[in-house]
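Asker: Got a structure here, written out as structure tokens. Questions coming.
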Amino acid sequence: MRRMELVTALAVLAGVVGGAGCPGPIGPSANTNSGVPANTNRNSGANGNLNQNGSPGDTTARVIAGLEFFSMHGCGACHCNNAEGGCNLNAPSIIGVSQDSVNRNLRFAQTAGERPNEDDPVESHPLKLPGARDEEIANVTLYLGSLDPRTPLTGESAITRGYNIYVRGGCVACHLPSAQGLTQGGFGNPIQGTEADNIYFALGGGTLCHPLQNPRPNIPPQVSCPINIGDPTQPGTFANNETVMALTDHPPPDTDDDRTLLSYFLQFIAPPPSGGVVDPCENRSGEICTVAGNGISGFTGDDKAATETLFYNPLSLELTDWNDDGTLDLGVVDWNNHRVRVIYLDKETPNAEGVMIRDRVISLAGTGKVTGDDAINHCTDLAFDANGSLVMANWHNQNMYRYPKGLRSGGDRDQLAGLCDLECGGNDTGPNRVGDTKLSLPVSLAIRPDDGRIYVAEGGCSRIRVLTVMGARQRLQPTNCITAINFYPDGTLETIAGHSGMNGYSGDGGPAKDAIFNIDNTPLMPNMGLALSKENPPAELYVADSKNHCIRAINLLADPPTIRLFAGTPTMSGFKDGAALGEAQFNFPSNVQVDDQNNVYVADALNHAIRRIDRQGNVTTLAGTGVLGFNGDNQPATMAQLNYPNGVAIHPDGRVFIADTNNNRVRVIIP
């Protein structure tokens with residue numbers, strides 16, 4: 001079930017939006033500065049006046065704080081759907097009760113102190129919380145007071161109503177604590193910090209992009225995550241199967257108003273926490289430490305030091321001198337933040353206010369949204385060409401972008417291939433014109449240093465193609481693209497290995513075009529990483545044949561190119577060092593990288609380890625124990641736990657940078 005948190009995160013509202021088979025309508029363009037979803041002015045329903053009253057302020061913050069209190073102390077287990085007129089476990093209704101009455105009774109119930117007035121009735125409550133502060137009680141009272149749907153719709157009551165939709169749609173069965181960033185109660189995949197229009201896009205999709213999205217009438221939605229059935233006397237648990245059934249007995253939001261209110265709630269309920277602890281790197285040989293991220297998923301902006309910056313599933317890494325100062329910087333695919341970012345390594349650079357910050361982080365591409373100008377949708381891999389331009393494979397955009405060096409966040413970017421729709425386009429027998437050819441889940445890439453041709457692994461088709469960019473750049477509007485693009489339609493895409501849509505294992509010792517790979521081609525799990533050997537021109541292309549649990553090598557100097565097994569035991573998973581052929585075992589190797597001496601490094605994802613294949617053909621483990629987790633830094637790398645590492649970058653000074661994906665950190669092994 002938990003082969004990686006990334007997979008489960010993709011099933012939540014923060015994740016799979018606009019993925020394969022999930023076209024859906026285009027959501028609103030959220031304006032996070034105004035505090036309201038930007039599409040509210042087009043609705044004639046309940047949320048039509050949000051633009052006038054919706055700016056979050058002190059009252060909104062107090063409503064959010066009250067809701068957090070309500071959820072974290074288990075109130076949701078009894079009162080979940082109260083505002084909609086439904087009650088779980090026979091909880092008393094609180095709709096229509098005066099705020100003053102709620103305040104007096106709640107204060108007495110929570111403090112277990114003296115009654116405010118001798119004439120007040122003694123009311124029992126299953127959760128006595130003597131430590132509750134007056135401020136907390138006042139906040140939860142304010143929240144409860146906004147439950148009544150007759151309350152004029154302001155930003156505060158919109159948050160409450162969004163929460164009610166969240167509960168009514170069954171979201172609470174999986175996500176009860178996650179909007180508050182808590183770990184208790186349910187399974188709670190993180191959703192804090194998600195853009196409102198991404199949420200809207202997922203909920204409005206025309207197909208089953210989300211576990212609770214159900215476009216087919218009269219078919220009850222299914223909850224695809226585990227349900228925590230617990231003791232009703234304990235905070236944050238569900239009482240029994242009947243309660244869970246009650247939570248999932250309603251369809252997800254299917255109106256513009258409902259989707260907007262739910263997006264509003266999820267966007268503002270809790271900004272990503274800025275906490276998390278990073279121990280300073282002690283720089284001892286052979287040890288591991290954190291260079292970016294602090295273990296918490298989310299987005300808190302740029303222009304901060306790397307260890308004070310939140311990442312959300314960092315996926316792939318590449319070194320480049322983006323800053324043009326003669327030293328290398330680290331590019332990072334920030335997967336679930338829908339951005340490519342760079343860390344200015346080992347130097348101090350000025351932020352927007354002119355303050356010098358060491359290891360500062362900026363965004364090179366992406367806005368955090370999945371639709372609209374300058375957006376990218378789950379970039380999976382990046383590389384830098386001979387001119388220093390950023391090239392990326394965009395999984396859920398079904399295309400490849402190029403950002404000329406110095407360009408940030410869109411502007412005049414090029415779309416090198418892909419027509420914005422998922423399909424195993426073209427054929428495997430000869431070159432296909434780029435202007436006529438779609439891509440299916442382009443997942444990884446490698447750029448030749450001699451002629452600039454780009455190898456791209458097409459995950460949805462289990463094949464490797466070579467892209468030749470040529471001809472004049474044109475400004476075009478392909479049918480399935482949202483906006484006009486800069487395109488090179490006369491370029492070519494040609495298959496060099498694999499067969500479109502075929503999975504298995506065969507072909508070693510023969511032409512690469514006859515090979516068959518076993519690739520996870522669902523839109524959930526990046527894999528099939530590529531890396532070129534360091535000769536110029538390169539002699540070999542290394543391929544992570546992920547579901548075959550091995551690394552293969554394509555001889556590019558042969559005509560036609562041939563393929564061979566390079567390391568691992570095909571079709572057999574395991575965790576074993578030793579001779580690359582006949583002894584070593586891997587478990588879903590997802591990515592590969594090559595250093596200047598042609599040692600090959602492997603992100604061995606489901607072994608939660610980084611492995612190295614040296615030039616003598618021996619496999620050793622550099623980091624990881626084989627057990628997922630995080631057990632701290634400044635210890636020998638082979639004793640440290642990783643959590644689905646998916647990217648590796650090798651610095652010329654010997655440092656090995658690791659995208660520790662589900663730990664939301666970038667880490668480094670000290671040489």
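Labels used: A, B, ... for chains in the order of the structure tokens, numbers from 1 for residues in each chain, and numbers from 1 for ligands as shown.
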Excluding stretch 296-308 of chain A and residues on its chain fewer than 2 positions from it, collect all residues at most 6 Å away from it, counting only C-alpha atoms, and give them as a short mmCIF file (atom, residue, chain, number, x, y, z; two decimals) with N, CA and C atoms, in the first residue's frame.

Answerer:
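Listed below is the output, selection-v4.cif:
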```
data_model
loop_
_atom_site.label_atom_id
_atom_site.label_comp_id
_atom_site.auth_asym_id
_atom_site.auth_seq_id
_atom_site.Cartn_x
_atom_site.Cartn_y
_atom_site.Cartn_z
N GLY A 193 -1.42 24.15 1.84
CA GLY A 193 -0.63 24.92 0.90
C GLY A 193 -0.99 24.70 -0.56
N PRO A 272 1.16 26.17 5.05
CA PRO A 272 2.16 25.16 5.37
C PRO A 272 2.98 25.58 6.57
N ALA A 292 18.71 20.87 2.00
CA ALA A 292 17.51 21.63 1.64
C ALA A 292 16.28 20.91 2.15
N GLY A 293 15.25 21.70 2.48
CA GLY A 293 14.03 21.13 3.04
C GLY A 293 14.21 20.83 4.51
N ASN A 294 13.09 20.62 5.19
CA ASN A 294 13.18 20.28 6.62
C ASN A 294 12.26 19.14 7.00
N LEU A 310 10.51 24.99 2.36
CA LEU A 310 9.76 23.75 2.23
C LEU A 310 9.75 23.27 0.79
N PHE A 311 9.91 21.97 0.62
CA PHE A 311 9.74 21.29 -0.66
C PHE A 311 8.62 20.27 -0.51
N TYR A 312 8.04 19.87 -1.64
CA TYR A 312 6.96 18.90 -1.60
C TYR A 312 7.30 17.79 -2.60
N ASN A 351 18.70 38.39 -1.63
CA ASN A 351 17.29 38.18 -1.92
C ASN A 351 16.67 39.48 -2.46
N ARG A 358 22.80 32.54 2.41
CA ARG A 358 23.60 31.41 1.96
C ARG A 358 22.68 30.28 1.51
N ASP A 359 23.03 29.62 0.42
CA ASP A 359 22.24 28.52 -0.14
C ASP A 359 20.80 28.96 -0.40
N ARG A 360 20.64 30.10 -1.03
CA ARG A 360 19.31 30.67 -1.30
C ARG A 360 18.59 29.85 -2.37
N VAL A 361 17.26 29.76 -2.24
CA VAL A 361 16.42 29.02 -3.17
C VAL A 361 15.57 29.99 -3.98
N ILE A 362 15.51 29.75 -5.30
CA ILE A 362 14.58 30.50 -6.15
C ILE A 362 13.85 29.51 -7.05
N ASN A 664 10.95 14.82 1.96
CA ASN A 664 10.86 16.24 1.59
C ASN A 664 12.16 16.99 1.90
#
```

Asker: I'd like to know which residues of stretch 487-667 of chain A are strand (DSSP E or B) (by DSSP, run on the backbone); could you write them as a PyMOL selection string?

Answerer: chain A and resi 487+492-498+506+511+516+530-532+540-545+550-555+562-568+576+578-579+585+589-594+600-604+609-613+618-623+635-636+645-650+656-660+665-667

Asker: Return the single residue from A:Tyr601, A:Glu135, A:Ala567, A:Ile496 that is closest to A:Asn555, with distances computed using only C-alpha atoms.

Answerer: A:Ile496

Asker: Could you name the residues that touch stretch 376-386 of chain A at 7 Å or less, counting only C-alpha atoms, but leaving out those on the same chain fewer than 5 positions away, as JSON, numbers by chain?

Answerer: {"A": [315, 316, 318, 320, 333, 335, 336, 338, 339, 366, 370, 391, 392, 393, 394, 395, 396, 397, 443, 444, 445, 446, 447, 449, 452, 526]}

Asker: I'd like to know which of A:Asn663, A:Asn480, A:Ser462, A:Thr349 is closest to A:Gln398, using only C-alpha atoms.

Answerer: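 Answer, going by the shortest atom-to-atom distance: A:Asn480.
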